[in-house]
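Okay, structure first, notes after.
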Amino acid sequence: MQGIVIPISMVPGNSIIHRMNPLPKLAWSLGILALAFATRNPAVLGAAFFIGLILVLVAQVGKAYLKVVMILFPISLTLITLQSIAPAFPPPWTPIVGFGPFTIYQEGIYSGISMLLRIFSMTTWAMVTIMTSHPSDIFTSLKRIGMPYSLNFILVMTLQLIPILQSEFGIVLNAQKSRAMKGTGFGAILPSMVPVFVGAIERVQQLSISLESRAFGSTGQKTSYRQVRMTFWDIALLVIGVLVTGSTTYWVIVDRTLDWSDTLVFHPVFAISLVIFATLGFLTFFVLALRQVLKA
Amino acid sequence: MEPIIKVENLWHIYPTGNVTAVRDVSLEINPGEIVGIIGQNGSGKTTLVKHFIGLLKPTKGVVYVNGKDTAPLKVQQVAANVGYVYQNPNHQLFARTVRDELAFGPGNLGIPEDEIEARVDQAVKFFGLEDFLELHPYRISFPLRKLVGMASVYTMRPDVFILDEPTTGQDNITTQTVYRLIKRLRDEGSTVLCVAHDMILLAEVVDRMLVMRGGDLIMDGTPREVFSNHEIMSSTHLTPPQITTLSLKIQEKYQSFNKTVLSIDEMVSEVQKSSQS
Amino acid sequence: MTETKPLIEFKDVTFWYGSTEDQPALKNINLTIHEGDYVALLGLNGAGKTTLQLCINGVIPNSIIGEFQGEVIVDGNDTFETPVREMAKIVGMVFDNPEFQLSQMSVGEEIALGMESLGYSYPDMVKTIDEVLEIVGLTGLIDRSPFGLSGGQQQRLSIASALAMQPKILVMDEPTSNVDPIGKEEIFQVAYQLNRERNMTVIMAEHEVEVMAQYANLVVVMHEGEIVLQGTPEDVFSNVELIQNLGLRMPQVAAFGHDVEKLGLIDLGGQYPVKLDQAVETYGPLFNKKAG
Ligand SMILES: Nc1ncnc2c1ncn2[C@@H]1O[C@H](COP(=O)(O)OP(=O)(O)OP(=O)(O)O)[C@@H](O)[C@H]1O
Ligand SMILES: Nc1ncnc2c1ncn2[C@@H]1O[C@H](COP(=O)(O)OP(=O)(O)OP(=O)(O)O)[C@@H](O)[C@H]1O
Ligand SMILES: [Mg+2]
Ligand SMILES: [Mg+2]
């Protein structure tokens with residue numbers, strides 16, 4: 001019924017990116033993922049993020065993208081705050097300024113910024129892929145390149161089941177309220193899990209009988225109803241994607257000079273305002289979210 | 001008499017999909033009335049009755065239960081007076097045993113232990129649940145779970161008892177239990193609202209029927225009035241009980257006969273009347 | 001009437017879900033169903049209707065654990081030896097909880113699922129999907145999510161998914177619970193048309209005796225795992241005492257006939273009309289006396 005709807009899903013449209021085969025999109029996204037883990041150079045990560053943003057515009061999924069960012073951004077801001085006082089670097093660290101027991105370090109600011117960019121470069125590319133591809137097309141393409149039929153089915157089913165269980169949970173909670181349930185908080189929510197859980201088991205049992213009765217699991221040649229086109233351009237983009245992201249990843253690993261953590265020096269005013277902004281941003285979000293939860 | 005439920009210009013629009021499920025409905029229900037609510041799938045029946053227990057809040061308009069506006073009330077507060085039996089018992093049952101299930105509602109209402117026990121015993125006898133008391137609600141069959149769902153609301157003794165599709169998937173014997181429940185609630189002076197597609201049930205137990213179509217309340221009358229209103233029945237694609245249809249068809253064929261019957265017994269006494277004349 | 005060859009034969013079938021010490025769910029079932037039959041399975045909750053239906057495509061005994069005795073032959077196949085997924089080409093199953101049978105992201109893919117497993121070509125699938133959607137009245141919903149459909153539409157979708165594999169036999173377990181009266185009527189109509197026009201054999205479990213009497217040519221009454229009565233609707237519903245002792249309901253028009261006959265106001269010789277049109281014919285004169 002109510003429940004939280006997962007915001008990351010396909011946004012219907014007809015942009016160039018929508019019309020592409022999902023495989024090149026997946027290849028690029030995975031490439032960027034590898035790249036993002038291979039480097040912490042803010043410029044490289046920033047560039048990947050920036051190109052991702054351009055794709056968001058080309059695909060015309062800006063609104064849906066912003067909705068996700070509104071949640072993701074404040075949460076990621078904690079990285080800046082936490083990293084600034086406890087960098088993910090081997091010491092020694094270079095202090096900038098101290099606040100009582102806490103000290104903000106140069107390495108911390110660097111690490112915070114690059115982690116933020118790392119998250120945003122990866123997720124932006126991934127979101128463009130998900131928001132412009134019909135999930136069935138993604139699964140069909142994966143089946144084509146050899147993903148087992150049953151694994152595919154499990155993935156599809158799981159994806160379907162999440163929102164269903166979420167809404168069942170809401171219904172069950174309401175059913176208990178309508179019997180004047182007194183408790184609130186976790187203790188009251190726990191019993192609601194029982195019917196949802198039992199329901200899920202019954203669903204799976206019934207589904208397995210029903211699937212078998214529809215010849216699912218037959219051993220012969222299988223065909224696919226969903227047709228996904230693979231044009232010359234799709235193949236070209238796939239190959240280019242693998243080459244570009246692969247070679248960039250190789251480059252950032254090999255070229256040691258790209259680690260700017262020693263050379264980049266942040267001005268204390270910049271560092272302090274950044275940390276304050278991040279902390280306030282996160283806290284505001286947290287308070288707002290808490291109010292929302294309590295109201296429900 | 002003060003109406004126990006009063007609805008003024010109620011609208012309900014679901015934000016997802018922007019569906020207007022209830023459109024400008026006004027009605028009053030008096031204490032002790034037995035009311036059936038009918039209409040096609042998706043006509044807004046469930047949406048309407050969920051307002052009476054506060055599970056849904058009006059998009060526009062006001063719903064009063066026992067004279068109180070439900071908008072600011074929590075479901076738990078309304079539930080002291082109004083009981084709602086879900087269509088799907090799996091959404092409702094969660095306790096470890098059937099006995100705990102029946103005691104859950106009255107326990108929440110702060111009823112003394114011995115009174116709860118008395119109510120549970122009485123409900124067990126009425127619904128014939130003796131053999132299942134110590135079983136987990138999910139170990140018993142689906143039709144029985146439905147009876148447990150009804151029993152667990154019955155033990156709360158609400159002033160208003162709402163049943164959503166109580167007889168779907170039920171055989172004749174459990175359906176008879178639903179008949180007996182409604183008749184007993186009538187004797188105890190409760191108000192009953194029954195959403196159902198089962199016209200045979202409604203024809204025999206309700207005094208008044210509300211007909212919904214596409215979110216509108218299009219008719220409010222006795223079962224006899226509703227079933228014999230050809231326009232309403234055909235525009236909602238509802239079919240009266242077979243025996244009622246028989247009487248309507250005979251009316252069409254032989255103008256001398258003009259009674260719309262609701263039950264087999266009524267039809268039999270019509271035959272007796274016409275054979276005596 | 002010409003004698004058609006038996007399509008489904010149950011020979012002394014007994015089945016226990018648990019151990020043989022408990023009550024069996026099916027007890028010495030002997031039943032012959034011919035091609036083109038429209039069979040109504042009646043009985044109280046727990047009488048064994050679903051269990052009997054699961055034997056027809058071999059889910060029992062192949063996929064559900066239990067103790068099975070006897071033999072079920074369907075279109076020449078012994079269900080004990082034929083895998084369920086093979087039987088799927090002959091028997092289409094529609095279960096009572098439509099939502100629990102769905103898994104795919106769109107109506108089209110849901111219907112295609114079985115055909116994909118059997119290796120249908122793409123053009124065949126497209127053609128068949130259009131056809132079955134038309135039959136069940138869901139044309140235009142091909143791209144909708146199955147989980148966003150109403151209960152009645154989901155029930156139609158599971159019928160369409162079963163029909164897509166062009167089975168000879170359509171087994172339906174209470175296919176219209178939760179469906180409004182018109183939706184019910186439509187689903188029974190669909191089954192009836194398939195039965196008339198394509199000679200499809202239909203086996204339906206249902207609690208609503210009026211509709212079953214209207215459409216079925218063979219009524220099978222079950223009680224505690226046994227078949228206690230079978231025959232045409234007229235024959236079965238002439239056993240008023242037995243039906244009522246079993247706790248079952250008679251079609252209203254037949255029950256009415258029985259009551260009126262008991263009062264001596266009409267003589268029907270113990271055979272009551274079970275369909276509405278028959279009833280209007282038979283009972284009309286009773287109400288016309290005043291005018292005549
Ligand atoms: N949670 C919801 N979100 C969006 N739309 C909804 C929701 N619940 C119901 N609807 C829509 O509101 C309308 C009325 O639904 P409702 O459940 O009240 O109908 P109903 O008369 O009870 O039908 P049924 O006989 O199938 O139970 C339908 O169009 C339905 O699709
Ligand atoms: N999975 C199972 N495990 C154990 N026992 C079962 C199972 N399914 C059914 N039974 C039992 O087998 C008997 C026959 O059940 P079945 O479901 O076939 O009845 P039914 O006539 O279809 O009833 P309904 O009208 O409620 O659908 C019942 O006693 C039931 O409790
Ligand atoms: Mg409803
Ligand atoms: Mg069954």
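Ordered as shown in the structure tokens, chains take letters A, B, and onward, while each chain numbers its residues from 1 and ligands are numbered from 1 in the order shown.
Selected on chain B by distance to chain A: B:Val75, B:Gln76, B:Ala79, B:His91, B:Gln92, B:Phe94, B:Gly105, B:Asn108 (within 6 Å, counting only C-alpha atoms).
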Query raised in the report: When the cut-off is 6 Å and you count only C-alpha atoms and all ligand atoms, which residues lie near ligand 2, shown as JSON, numbers by chain?
Result: {"C": [17, 25, 43, 44, 45, 46, 47, 48, 49, 50, 51]}
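Distances here use only C-alpha atoms; by that measure, the residue among C:Asp75, C:Asp277, C:Asp180, C:Glu226 closest to chain B is C:Asp180.
Here atom CA of B:Asp121 is placed at a distance of 24.4 Å from atom CA of B:Asp171.
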**Report entry** Residue with smallest distance to chain C - pool A:Phe37, A:Phe216, A:Phe282, A:Phe266, counting only C-alpha atoms
**Finding:**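 Residue with the minimum atom-to-atom distance to chain C: A:Phe216.
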**Report entry** Point-to-point distance in Å for atom CA of C:Ala112 and atom CA of C:Ile129
**Finding:**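 Answer for the atom CA of C:Ile129 to atom CA of C:Ala112 separation: 7.2 Å.
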Find the residues of chain C that sit at most 7 Å from chain B; for each, write down the nearest two atoms and how far apart they are in Å, to one decimal. Count only C-alpha atoms. Sort by chain, then by number going up, and give it as a Markdown table.
| residue | atom | partner | partner_atom | distance |
| --- | --- | --- | --- | --- |
| C:Leu44 | CA | B:Asp171 | CA | 5.3 |
| C:Asn45 | CA | B:Asp171 | CA | 5.7 |
| C:Ser177 | CA | B:Thr168 | CA | 5.6 |
| C:Asn178 | CA | B:Thr168 | CA | 6.4 |
| C:Val179 | CA | B:Asn41 | CA | 6.8 |
| C:Asp180 | CA | B:Gln40 | CA | 5.5 |
| C:Pro181 | CA | B:Leu238 | CA | 5.8 |
| C:Ile182 | CA | B:His237 | CA | 5.6 |
| C:His207 | CA | B:Asp171 | CA | 6.1 |
| C:Gly247 | CA | B:Ile173 | CA | 6.1 |
| C:Leu248 | CA | B:Asn172 | CA | 5.8 |
| C:Arg249 | CA | B:Asn172 | CA | 6.3 |
| C:Gln252 | CA | B:Ile243 | CA | 5.8 |
| C:Val253 | CA | B:Ile243 | CA | 6.0 |
| C:Phe256 | CA | B:Ile264 | CA | 5.7 |
| C:Val260 | CA | B:Val268 | CA | 6.4 |
| C:Leu276 | CA | B:Leu246 | CA | 6.7 |
| C:Val280 | CA | B:Ile250 | CA | 6.3 |
| C:Gly284 | CA | B:Ile250 | CA | 5.9 |
| C:Leu286 | CA | B:Val271 | CA | 6.6 |
| C:Phe287 | CA | B:Ser274 | CA | 6.2 |
| C:Asn288 | CA | B:Tyr254 | CA | 6.2 |
| C:Lys289 | CA | B:Ser274 | CA | 6.8 |
| C:Lys290 | CA | B:Ser274 | CA | 6.5 |
| C:Ala291 | CA | B:Ser256 | CA | 6.1 |
Query raised in the report: Would you list which chain C residues are within 6 Å of chain A using only C-alpha atoms, as a ChimeraX atom specification?
Result: /C:85,88,100-101,103,114,116-117,119,122
**Report entry** Env. residues ligand 1 / 6 Å / only C-alpha atoms and all ligand atoms / as a list in words
**Finding:** Met1 of chain A; Tyr14, Thr16, Gly17, Val19, Ala21, Gln40, Asn41, Gly42, Ser43, Gly44, Lys45, Thr46 and Thr47 of chain B
Requested in this report: Report as a ChimeraX atom specification: the residues of stretch 3-173 of chain A with a DSSP assignment of strand (DSSP E), based on the backbone of this structure.
Outcome: /A:95-99,102-105
Mind writing the picked residues with N, CA, C and O atoms as a tab-separated table (two decimals), in the first residue's frame?
chain	number	residue	atom	x	y	z
A	95	PRO	N	48.03	18.11	10.37
A	95	PRO	CA	46.88	18.80	10.96
A	95	PRO	C	46.65	20.17	10.33
A	95	PRO	O	47.59	20.83	9.88
A	96	ILE	N	45.38	20.56	10.24
A	96	ILE	CA	45.05	21.90	9.76
A	96	ILE	C	44.59	22.76	10.95
A	96	ILE	O	45.08	23.85	11.17
A	97	VAL	N	43.62	22.21	11.68
A	97	VAL	CA	43.07	22.96	12.79
A	97	VAL	C	42.46	22.00	13.80
A	97	VAL	O	42.08	20.88	13.43
A	98	GLY	N	42.39	22.37	15.06
A	98	GLY	CA	41.82	21.50	16.09
A	98	GLY	C	40.55	22.07	16.69
A	98	GLY	O	40.40	23.27	16.84
A	99	PHE	N	39.60	21.18	16.95
A	99	PHE	CA	38.35	21.55	17.66
A	99	PHE	C	38.30	20.69	18.90
A	99	PHE	O	37.89	19.54	18.81
A	102	PHE	N	39.00	16.98	18.58
A	102	PHE	CA	39.11	16.60	17.18
A	102	PHE	C	40.13	17.48	16.46
A	102	PHE	O	40.24	18.68	16.73
A	103	THR	N	40.83	16.85	15.52
A	103	THR	CA	41.74	17.61	14.68
A	103	THR	C	41.39	17.32	13.22
A	103	THR	O	41.15	16.17	12.87
A	104	ILE	N	41.37	18.36	12.42
A	104	ILE	CA	41.12	18.17	10.99
A	104	ILE	C	42.46	18.09	10.28
A	104	ILE	O	43.34	18.90	10.52
A	105	TYR	N	42.56	17.05	9.39
A	105	TYR	CA	43.85	16.84	8.72
A	105	TYR	C	43.73	17.11	7.23
A	105	TYR	O	42.67	16.90	6.62
Requested in this report: Skip C:Asp143 itself and residues of its chain fewer than 4 positions away, then list as a VMD selection string all residues within 9 Å of it, counting only C-alpha atoms.
Outcome: chain C and resid 105 to 109
Query - Test item: residues at most 10 Å from stretch 124-138 of chain B, only C-alpha atoms, excluding those fewer than 6 positions along its chain, as number ranges by chain - result: A: 195, 198-199; B: 89-90, 93-102, 118, 144-152, 155, 174, 177-178, 180-181, 184
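Residue nearest C:Leu170, chosen from C:Lys275, C:Lys184, C:Lys89, C:Lys5 and counting only C-alpha atoms: C:Lys89.
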Requested in this report: Excluding A:Trp260 and any residue of its chain fewer than 3 positions from it, enumerate the residues within 9 Å of it, using only C-alpha atoms, and give them as an MDAnalysis selection string.
Outcome: chainID A and resid 40:42 110 257 263:264
Requested in this report: Quick one: everything within 12 Å of stretch 12-22 of chain A, counting only C-alpha atoms, minus sequence neighbours fewer than 3 positions away in the same chain. Send it as a PyMOL selection string.
Outcome: chain A and resi 9+25-29+54-62+64+125-126+128-142+144-145+227-238
Atoms to include: N, CA and C atoms. Write the selected residues as a compact mmCIF listing (two decimals), in the first residue's frame.
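So the final result, stored in again.txt, reads:
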# COMPACT_ATOMS: atom_id res chain seq x y z
N SER A 9 14.38 3.37 -10.72
CA SER A 9 13.81 2.43 -11.65
C SER A 9 13.78 3.13 -12.99
N LYS A 25 26.03 -0.08 -22.08
CA LYS A 25 25.83 0.77 -20.89
C LYS A 25 26.41 0.09 -19.65
N LEU A 26 26.12 -1.22 -19.56
CA LEU A 26 26.64 -1.97 -18.42
C LEU A 26 28.16 -1.99 -18.45
N ALA A 27 28.73 -2.16 -19.65
CA ALA A 27 30.19 -2.23 -19.77
C ALA A 27 30.81 -0.93 -19.30
N TRP A 28 30.27 0.18 -19.77
CA TRP A 28 30.80 1.48 -19.33
C TRP A 28 30.66 1.64 -17.83
N SER A 29 29.50 1.30 -17.29
CA SER A 29 29.29 1.50 -15.85
C SER A 29 30.27 0.67 -15.04
N ILE A 54 26.62 14.86 -17.73
CA ILE A 54 26.20 15.20 -19.09
C ILE A 54 25.25 14.11 -19.62
N LEU A 55 25.60 12.85 -19.33
CA LEU A 55 24.74 11.75 -19.78
C LEU A 55 23.35 11.86 -19.15
N VAL A 56 23.30 12.27 -17.88
CA VAL A 56 22.01 12.44 -17.21
C VAL A 56 21.17 13.43 -18.00
N LEU A 57 21.81 14.51 -18.45
CA LEU A 57 21.08 15.52 -19.22
C LEU A 57 20.65 14.97 -20.57
N VAL A 58 21.57 14.28 -21.24
CA VAL A 58 21.24 13.73 -22.55
C VAL A 58 20.08 12.75 -22.44
N ALA A 59 20.09 11.95 -21.38
CA ALA A 59 19.05 10.93 -21.21
C ALA A 59 17.75 11.53 -20.69
N GLN A 60 17.78 12.78 -20.30
CA GLN A 60 16.61 13.47 -19.75
C GLN A 60 16.01 12.75 -18.55
N VAL A 61 16.89 12.34 -17.65
CA VAL A 61 16.39 11.69 -16.44
C VAL A 61 16.74 12.54 -15.22
N GLY A 62 16.96 13.83 -15.45
CA GLY A 62 17.43 14.74 -14.39
C GLY A 62 16.57 14.71 -13.14
N ALA A 64 14.46 12.37 -11.90
CA ALA A 64 14.58 11.14 -11.13
C ALA A 64 15.97 11.07 -10.48
N TRP A 125 26.84 7.03 -13.18
CA TRP A 125 26.86 6.15 -14.35
C TRP A 125 25.89 4.99 -14.17
N ALA A 126 25.88 4.43 -12.99
CA ALA A 126 24.97 3.29 -12.75
C ALA A 126 23.52 3.73 -12.88
N VAL A 128 22.32 6.25 -14.65
CA VAL A 128 21.97 6.47 -16.06
C VAL A 128 21.63 5.13 -16.70
N THR A 129 22.43 4.13 -16.42
CA THR A 129 22.18 2.81 -17.02
C THR A 129 20.81 2.27 -16.58
N ILE A 130 20.56 2.31 -15.28
CA ILE A 130 19.31 1.72 -14.78
C ILE A 130 18.10 2.52 -15.23
N MET A 131 18.26 3.85 -15.23
CA MET A 131 17.10 4.68 -15.55
C MET A 131 16.78 4.71 -17.04
N THR A 132 17.69 4.23 -17.86
CA THR A 132 17.40 4.26 -19.30
C THR A 132 17.20 2.87 -19.89
N SER A 133 17.27 1.81 -19.05
CA SER A 133 17.12 0.46 -19.61
C SER A 133 15.96 -0.24 -18.93
N HIS A 134 15.12 -0.87 -19.71
CA HIS A 134 14.07 -1.67 -19.11
C HIS A 134 14.72 -2.86 -18.42
N PRO A 135 14.34 -3.11 -17.15
CA PRO A 135 14.99 -4.22 -16.44
C PRO A 135 14.95 -5.53 -17.23
N SER A 136 13.82 -5.77 -17.90
CA SER A 136 13.72 -7.01 -18.67
C SER A 136 14.78 -7.05 -19.76
N ASP A 137 15.07 -5.89 -20.35
CA ASP A 137 16.09 -5.86 -21.41
C ASP A 137 17.46 -6.17 -20.84
N ILE A 138 17.72 -5.63 -19.63
CA ILE A 138 19.00 -5.92 -19.01
C ILE A 138 19.12 -7.43 -18.79
N PHE A 139 18.05 -8.01 -18.24
CA PHE A 139 18.12 -9.45 -17.96
C PHE A 139 18.20 -10.28 -19.23
N THR A 140 17.44 -9.86 -20.24
CA THR A 140 17.48 -10.60 -21.50
C THR A 140 18.88 -10.56 -22.09
N SER A 141 19.52 -9.38 -22.06
CA SER A 141 20.87 -9.28 -22.63
C SER A 141 21.84 -10.15 -21.85
N LEU A 142 21.67 -10.16 -20.53
CA LEU A 142 22.57 -10.98 -19.74
C LEU A 142 22.39 -12.46 -20.05
N ARG A 144 21.49 -13.61 -22.89
CA ARG A 144 22.13 -13.79 -24.18
C ARG A 144 23.62 -14.09 -24.06
N ILE A 145 24.29 -13.36 -23.15
CA ILE A 145 25.73 -13.60 -23.05
C ILE A 145 26.05 -14.68 -22.03
N GLN A 227 12.95 -9.23 -27.26
CA GLN A 227 14.01 -9.13 -28.25
C GLN A 227 14.80 -7.86 -27.98
N VAL A 228 16.11 -8.00 -27.83
CA VAL A 228 16.94 -6.81 -27.64
C VAL A 228 17.86 -6.68 -28.83
N ARG A 229 17.77 -5.55 -29.49
CA ARG A 229 18.60 -5.36 -30.68
C ARG A 229 20.03 -5.02 -30.29
N MET A 230 20.97 -5.45 -31.10
CA MET A 230 22.38 -5.12 -30.90
C MET A 230 22.85 -4.60 -32.24
N THR A 231 22.99 -3.28 -32.36
CA THR A 231 23.39 -2.70 -33.64
C THR A 231 24.91 -2.60 -33.71
N PHE A 232 25.37 -2.17 -34.87
CA PHE A 232 26.80 -1.95 -35.03
C PHE A 232 27.31 -0.97 -33.98
N TRP A 233 26.53 0.12 -33.80
CA TRP A 233 26.95 1.15 -32.87
C TRP A 233 27.00 0.64 -31.44
N ASP A 234 26.08 -0.25 -31.09
CA ASP A 234 26.10 -0.83 -29.75
C ASP A 234 27.40 -1.60 -29.54
N ILE A 235 27.75 -2.38 -30.56
CA ILE A 235 28.97 -3.18 -30.43
C ILE A 235 30.17 -2.25 -30.34
N ALA A 236 30.17 -1.23 -31.21
CA ALA A 236 31.28 -0.29 -31.21
C ALA A 236 31.42 0.36 -29.84
N LEU A 237 30.31 0.84 -29.30
CA LEU A 237 30.35 1.51 -28.00
C LEU A 237 30.79 0.55 -26.89
N LEU A 238 30.37 -0.69 -27.03
CA LEU A 238 30.76 -1.69 -26.05
C LEU A 238 32.28 -1.84 -26.05
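The two atoms in question, atom CA of C:Leu118 and atom CA of C:Glu81, are spaced 19.3 Å apart.
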